[in-house]
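The structure file final_4.json is reproduced below (JSON, C-alpha atoms).
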[["chain", "number", "residue", "atom", "x", "y", "z"],
["A", 1, "MET", "CA", 0.00, 0.00, 0.00],
["A", 2, "GLU", "CA", 1.40, 3.40, -0.97],
["A", 3, "LYS", "CA", 1.96, 6.07, 1.67],
["A", 4, "ALA", "CA", -0.92, 8.25, 0.40],
["A", 5, "ASP", "CA", -3.28, 5.25, 0.42],
["A", 6, "ALA", "CA", -2.22, 4.43, 3.99],
["A", 7, "ARG", "CA", -3.03, 7.98, 5.09],
["A", 8, "ARG", "CA", -6.46, 7.84, 3.48],
["A", 9, "HIS", "CA", -7.08, 4.46, 5.09],
["A", 10, "LEU", "CA", -6.19, 5.78, 8.56],
["A", 11, "ARG", "CA", -8.43, 8.80, 8.06],
["A", 12, "LYS", "CA", -11.35, 6.63, 7.03],
["A", 13, "MET", "CA", -10.81, 4.34, 9.99],
["A", 14, "GLY", "CA", -10.94, 7.37, 12.24],
["A", 15, "ARG", "CA", -8.97, 7.81, 15.39],
["A", 16, "ARG", "CA", -10.37, 7.85, 18.85],
["A", 17, "TYR", "CA", -9.70, 11.07, 20.74],
["A", 18, "VAL", "CA", -10.36, 11.82, 24.38],
["A", 19, "THR", "CA", -10.69, 15.35, 25.73],
["A", 20, "ALA", "CA", -10.13, 16.21, 29.37],
["A", 21, "ARG", "CA", -9.13, 19.17, 31.50],
["A", 22, "LEU", "CA", -5.38, 19.42, 31.64],
["A", 23, "SER", "CA", -4.12, 18.34, 35.05],
["A", 24, "LYS", "CA", -1.32, 20.09, 36.90],
["A", 25, "ASP", "CA", 0.86, 17.05, 36.17],
["A", 26, "ASP", "CA", 0.47, 17.53, 32.40],
["A", 27, "ILE", "CA", 1.12, 21.28, 32.20],
["A", 28, "ASP", "CA", 4.81, 20.86, 31.36],
["A", 29, "ARG", "CA", 4.07, 18.12, 28.81],
["A", 30, "ALA", "CA", 1.55, 20.36, 27.03],
["A", 31, "TYR", "CA", 4.00, 23.25, 26.63],
["A", 32, "PRO", "CA", 5.38, 22.05, 23.24],
["A", 33, "LEU", "CA", 1.85, 22.35, 21.81],
["A", 34, "ILE", "CA", 1.76, 26.02, 22.80],
["A", 35, "ARG", "CA", 5.16, 26.56, 21.19],
["A", 36, "ALA", "CA", 3.76, 25.12, 17.95],
["A", 37, "VAL", "CA", 1.57, 28.22, 17.52],
["A", 38, "LEU", "CA", 3.40, 30.72, 19.76],
["A", 39, "PRO", "CA", 7.11, 30.03, 19.24],
["A", 40, "ASP", "CA", 8.24, 32.99, 21.39],
["A", 41, "PHE", "CA", 6.15, 31.94, 24.42],
["A", 42, "SER", "CA", 8.67, 31.13, 27.18],
["A", 43, "VAL", "CA", 8.27, 28.38, 29.78],
["A", 44, "GLU", "CA", 8.08, 31.03, 32.50],
["A", 45, "ARG", "CA", 5.34, 32.89, 30.67],
["A", 46, "TRP", "CA", 3.42, 29.60, 30.12],
["A", 47, "GLU", "CA", 3.63, 28.79, 33.84],
["A", 48, "GLN", "CA", 2.42, 32.29, 34.76],
["A", 49, "TYR", "CA", -0.41, 32.09, 32.25],
["A", 50, "VAL", "CA", -1.56, 28.72, 33.62],
["A", 51, "LYS", "CA", -1.78, 30.27, 37.10],
["A", 52, "THR", "CA", -4.17, 32.95, 35.81],
["A", 53, "LEU", "CA", -6.59, 30.27, 34.60],
["A", 54, "GLY", "CA", -7.24, 28.94, 38.10],
["A", 55, "ILE", "CA", -6.22, 25.33, 37.44],
["A", 56, "ALA", "CA", -6.67, 23.22, 40.57],
["A", 57, "GLY", "CA", -3.47, 22.19, 42.28],
["A", 58, "VAL", "CA", -1.24, 24.78, 40.58],
["A", 59, "ALA", "CA", 0.65, 26.84, 43.15],
["A", 60, "GLY", "CA", -0.42, 30.47, 42.95],
["A", 61, "ALA", "CA", -3.47, 29.74, 40.78],
["A", 62, "ARG", "CA", -6.15, 32.40, 40.94],
["A", 63, "GLY", "CA", -9.52, 30.70, 40.96],
["A", 64, "LYS", "CA", -12.91, 31.86, 42.17],
["A", 65, "SER", "CA", -14.21, 30.28, 45.33],
["A", 66, "GLY", "CA", -17.96, 29.89, 45.53],
["A", 67, "GLY", "CA", -20.20, 31.81, 43.17],
["A", 68, "ALA", "CA", -21.86, 30.56, 40.00],
["A", 69, "ARG", "CA", -18.67, 29.98, 38.00],
["A", 70, "ARG", "CA", -17.62, 26.37, 38.01],
["A", 71, "HIS", "CA", -14.91, 26.99, 35.40],
["A", 72, "PRO", "CA", -13.36, 30.47, 35.62],
["A", 73, "GLY", "CA", -10.92, 29.13, 33.07],
["A", 74, "GLY", "CA", -8.85, 26.16, 32.19],
["A", 75, "ILE", "CA", -7.08, 24.14, 29.58],
["A", 76, "MET", "CA", -8.73, 21.29, 27.70],
["A", 77, "ALA", "CA", -6.45, 18.82, 25.97],
["A", 78, "VAL", "CA", -7.14, 16.11, 23.44],
["A", 79, "ARG", "CA", -5.17, 12.88, 23.30],
["A", 80, "ASN", "CA", -5.25, 9.96, 20.93],
["A", 81, "GLU", "CA", -5.90, 6.39, 22.03],
["A", 82, "ASP", "CA", -2.19, 5.98, 22.81],
["A", 83, "GLY", "CA", -2.23, 8.94, 25.22],
["A", 84, "TYR", "CA", -0.31, 11.39, 23.02],
["A", 85, "PHE", "CA", -1.40, 15.02, 22.97],
["A", 86, "HIS", "CA", -2.89, 16.15, 19.66],
["A", 87, "GLY", "CA", -4.15, 19.54, 20.73],
["A", 88, "LEU", "CA", -5.48, 21.84, 23.40],
["A", 89, "PHE", "CA", -7.32, 25.05, 24.02],
["A", 90, "CYS", "CA", -6.99, 27.58, 26.83],
["A", 91, "TYR", "CA", -10.13, 29.40, 27.92],
["A", 92, "ARG", "CA", -11.76, 31.67, 30.43],
["A", 93, "ILE", "CA", -15.40, 32.51, 31.11],
["A", 94, "ASP", "CA", -16.27, 36.21, 31.27],
["A", 95, "ASP", "CA", -19.14, 38.61, 30.94],
["A", 96, "ASP", "CA", -19.02, 40.77, 27.82],
["A", 97, "SER", "CA", -20.92, 44.06, 27.55],
["A", 98, "LEU", "CA", -22.21, 43.18, 24.06],
["A", 99, "LEU", "CA", -22.37, 39.40, 24.00],
["A", 100, "GLY", "CA", -23.28, 38.55, 27.61],
["A", 101, "ARG", "CA", -21.65, 35.52, 29.21],
["A", 102, "ILE", "CA", -18.88, 34.39, 26.89],
["A", 103, "MET", "CA", -16.14, 31.80, 26.62],
["A", 104, "HIS", "CA", -12.86, 33.35, 25.47],
["A", 105, "VAL", "CA", -10.49, 30.86, 23.88],
["A", 106, "ASP", "CA", -7.06, 32.49, 23.90],
["A", 107, "THR", "CA", -5.16, 29.64, 22.31],
["A", 108, "PHE", "CA", -6.30, 26.76, 20.12],
["A", 109, "VAL", "CA", -3.89, 24.10, 18.84],
["A", 110, "ALA", "CA", -4.81, 20.98, 16.87],
["A", 111, "LEU", "CA", -1.95, 19.04, 15.33],
["A", 112, "GLU", "CA", -2.65, 17.87, 11.81],
["A", 113, "PHE", "CA", -0.49, 14.75, 11.46],
["A", 114, "LEU", "CA", -2.88, 12.21, 9.99],
["A", 115, "ASP", "CA", -6.24, 13.33, 11.32],
["A", 116, "GLY", "CA", -6.15, 17.00, 12.31],
["A", 117, "GLU", "CA", -9.88, 17.39, 11.79],
["A", 118, "GLY", "CA", -10.58, 14.63, 14.30],
["A", 119, "ALA", "CA", -8.52, 16.29, 17.03],
["A", 120, "ALA", "CA", -9.90, 19.73, 16.17],
["A", 121, "GLY", "CA", -13.46, 18.36, 16.11],
["A", 122, "ALA", "CA", -13.04, 16.76, 19.53],
["A", 123, "LEU", "CA", -11.73, 20.05, 20.95],
["A", 124, "LEU", "CA", -14.56, 22.05, 19.35],
["A", 125, "ASP", "CA", -17.15, 19.66, 20.81],
["A", 126, "ALA", "CA", -15.59, 20.04, 24.27],
["A", 127, "MET", "CA", -15.46, 23.83, 23.85],
["A", 128, "GLU", "CA", -19.15, 24.05, 23.03],
["A", 129, "SER", "CA", -20.11, 21.65, 25.82],
["A", 130, "ILE", "CA", -18.27, 23.69, 28.46],
["A", 131, "ALA", "CA", -19.64, 26.98, 27.12],
["A", 132, "GLN", "CA", -23.21, 25.69, 27.19],
["A", 133, "GLY", "CA", -22.71, 24.25, 30.68],
["A", 134, "GLU", "CA", -21.49, 27.65, 31.85],
["A", 135, "GLY", "CA", -24.50, 29.41, 30.33],
["A", 136, "CYS", "CA", -22.42, 31.21, 27.72],
["A", 137, "ARG", "CA", -24.20, 32.92, 24.85],
["A", 138, "SER", "CA", -21.06, 32.97, 22.66],
["A", 139, "ILE", "CA", -17.62, 31.52, 22.15],
["A", 140, "ARG", "CA", -14.82, 33.73, 20.85],
["A", 141, "ALA", "CA", -11.71, 31.85, 19.74],
["A", 142, "CYS", "CA", -8.38, 33.41, 18.85],
["A", 143, "LEU", "CA", -6.55, 31.47, 16.14],
["A", 144, "HIS", "CA", -2.82, 31.98, 15.75],
["A", 145, "GLU", "CA", -2.68, 30.72, 12.18],
["A", 146, "PRO", "CA", -0.18, 32.54, 9.94],
["A", 147, "ALA", "CA", -1.58, 30.84, 6.82],
["A", 148, "ILE", "CA", -5.04, 32.31, 7.45],
["A", 149, "LEU", "CA", -3.60, 35.77, 7.97],
["A", 150, "ARG", "CA", -1.58, 35.64, 4.75],
["A", 151, "GLU", "CA", -4.75, 34.83, 2.78],
["A", 152, "ALA", "CA", -6.87, 37.59, 4.35],
["A", 153, "ARG", "CA", -7.55, 40.70, 2.30],
["A", 154, "PRO", "CA", -7.07, 43.76, 4.51],
["A", 155, "SER", "CA", -9.93, 46.23, 4.75],
["A", 156, "ARG", "CA", -9.46, 49.99, 4.96],
["A", 157, "VAL", "CA", -9.72, 49.82, 8.72],
["A", 158, "MET", "CA", -7.09, 47.06, 8.86],
["A", 159, "ARG", "CA", -4.79, 49.12, 6.64],
["A", 160, "ALA", "CA", -5.30, 52.13, 8.94],
["A", 161, "PHE", "CA", -4.31, 49.99, 11.93],
["A", 162, "ALA", "CA", -1.22, 48.79, 10.03],
["A", 163, "GLU", "CA", -0.24, 52.39, 9.25],
["A", 164, "HIS", "CA", -0.32, 53.03, 13.01],
["A", 165, "GLY", "CA", 2.04, 50.17, 13.78],
["A", 166, "PHE", "CA", -0.46, 47.34, 14.36],
["A", 167, "ALA", "CA", 0.06, 43.89, 12.85],
["A", 168, "ALA", "CA", -2.40, 41.04, 12.46],
["A", 169, "GLU", "CA", -1.16, 38.18, 14.62],
["A", 170, "SER", "CA", -4.34, 36.20, 15.05],
["A", 171, "LEU", "CA", -7.84, 35.75, 13.74],
["A", 172, "ASP", "CA", -10.88, 35.81, 16.04],
["A", 173, "MET", "CA", -13.74, 33.45, 15.34],
["A", 174, "CYS", "CA", -17.08, 33.80, 17.12],
["A", 175, "LYS", "CA", -19.97, 31.37, 17.51],
["A", 176, "ARG", "CA", -23.26, 32.69, 18.89],
["A", 177, "LEU", "CA", -24.76, 29.85, 20.90],
["A", 178, "ASP", "CA", -28.03, 31.68, 21.49],
["A", 179, "ARG", "CA", -28.59, 31.90, 17.70],
["A", 180, "VAL", "CA", -27.92, 28.17, 17.31],
["A", 181, "ALA", "CA", -30.42, 27.42, 20.06],
["A", 182, "SER", "CA", -33.11, 29.61, 18.48],
["A", 183, "VAL", "CA", -32.66, 27.96, 15.07],
["A", 184, "VAL", "CA", -32.88, 24.50, 16.63],
["A", 185, "SER", "CA", -36.08, 25.39, 18.49],
["A", 186, "LEU", "CA", -37.95, 26.44, 15.31]]
Now that the file is in, can you turn its structure into structure tokens?
Amino acid sequence: MEKADARRHLRKMGRRYVTARLSKDDIDRAYPLIRAVLPDFSVERWEQYVKTLGIAGVAGARGKSGGARRHPGGIMAVRNEDGYFHGLFCYRIDDDSLLGRIMHVDTFVALEFLDGEGAAGALLDAMESIAQGEGCRSIRACLHEPAILREARPSRVMRAFAEHGFAAESLDMCKRLDRVASVVSL
């Protein structure tokens, strides 16, 4: 069987992915995934960032005690059936003046070895499940994808930002969960 045929065969077979909140024991092991999309992100900065998400068991983590928020933030990781990381996303739950309760996804990584869509799909399902469980009306995800940015056609406003020293480093995607719910209820 040729290499291309083998890849197609593996894709058709599908891989089993499991998503779970990243534990404090896996934080260091997940760091290379972050470096895949943010190559200048230092280990120290990663450790500091993890603390801001309120992950249980991380020294210095800032979480909310009590209150309605079960997940002030966290990191969800996806692994294949062999236990290898294939992606993750970092998130926090906030209240937005325009969108109401919202899940902000600061970083999204899905490795595309043989079945990138499978890993990405598993992460997107987990993202939506958490957001709905938290009563979010929207999910806003920041994608650090240079290929997407190269293909984008800048608008006048984007050109004005560029003239003032700004540079596009990510693309924000937004899903309105309340619109999905209203369409489903029709």
Distance criterion (all atoms listed in the file): nearest to Gly118 (chain A) out of A:Ala36, A:Val78, A:Ala162, A:Ala20: A:Val78
Name the residues in contact with Ser42 (chain A) at a cut-off of 12 Å, using all atoms listed in the file, excluding same-chain residues fewer than 6 positions from it; report them as a PyMOL selection string. chain A and resi 28+31-32+34-35+48-49
Which residues are close to region 129-141 of chain A, i.e. within 7 Å by all atoms listed in the file, leaving aside same-chain residues fewer than 4 positions away? Reply as a PyMOL selection string. chain A and resi 99-106+125+172-178
Keeping only C-alpha atoms, take the residues you just selected and write them out as a short mmCIF file (atom, residue, chain, number, x, y, z; two decimals), keeping the file's coordinate frame.
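Below is the file that was written, result-v2.cif:
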data_model
loop_
_atom_site.label_atom_id
_atom_site.label_comp_id
_atom_site.auth_asym_id
_atom_site.auth_seq_id
_atom_site.Cartn_x
_atom_site.Cartn_y
_atom_site.Cartn_z
CA LEU A 99 -22.37 39.40 24.00
CA GLY A 100 -23.28 38.55 27.61
CA ARG A 101 -21.65 35.52 29.21
CA ILE A 102 -18.88 34.39 26.89
CA MET A 103 -16.14 31.80 26.62
CA HIS A 104 -12.86 33.35 25.47
CA VAL A 105 -10.49 30.86 23.88
CA ASP A 106 -7.06 32.49 23.90
CA ASP A 125 -17.15 19.66 20.81
CA ASP A 172 -10.88 35.81 16.04
CA MET A 173 -13.74 33.45 15.34
CA CYS A 174 -17.08 33.80 17.12
CA LYS A 175 -19.97 31.37 17.51
CA ARG A 176 -23.26 32.69 18.89
CA LEU A 177 -24.76 29.85 20.90
CA ASP A 178 -28.03 31.68 21.49
#
Residue nearest Thr52 (chain A) among A:Ala126, A:Ala119, A:Ile75, A:Ala152 (counting only C-alpha atoms): A:Ile75
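What separates CA of Pro72 (chain A) from CA of Tyr91 (chain A) is a distance of 8.4 Å.
Atom pair CA of Gly74 (chain A) / CA of Phe89 (chain A) has a distance of 8.4 Å (rounded to one decimal).
Distance annotation: of A:Pro154, A:Ala168, A:Asn80, A:Glu47, the residue with the minimal separation from Leu123 (chain A) is A:Asn80; atom set is all atoms listed in the file.
The coordinates place CA of Leu143 (chain A) at 18.9 Å from CA of Ser155 (chain A).
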Proximity to Asp82 (chain A) - best of A:Arg15, A:Arg159, A:Arg150, A:Asp94, all atoms listed in the file: A:Arg15
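Candidate residues A:Ala30, A:Ala77, A:Cys90, A:Val50 were compared for distance to Thr107 (chain A), and the nearest is A:Cys90, using only C-alpha atoms.
Between Gly73 (chain A) and the residues A:Ala122, A:Ile93, A:Leu38, A:Leu33, the shortest atom-to-atom distance, using all atoms listed in the file, involves A:Ile93.
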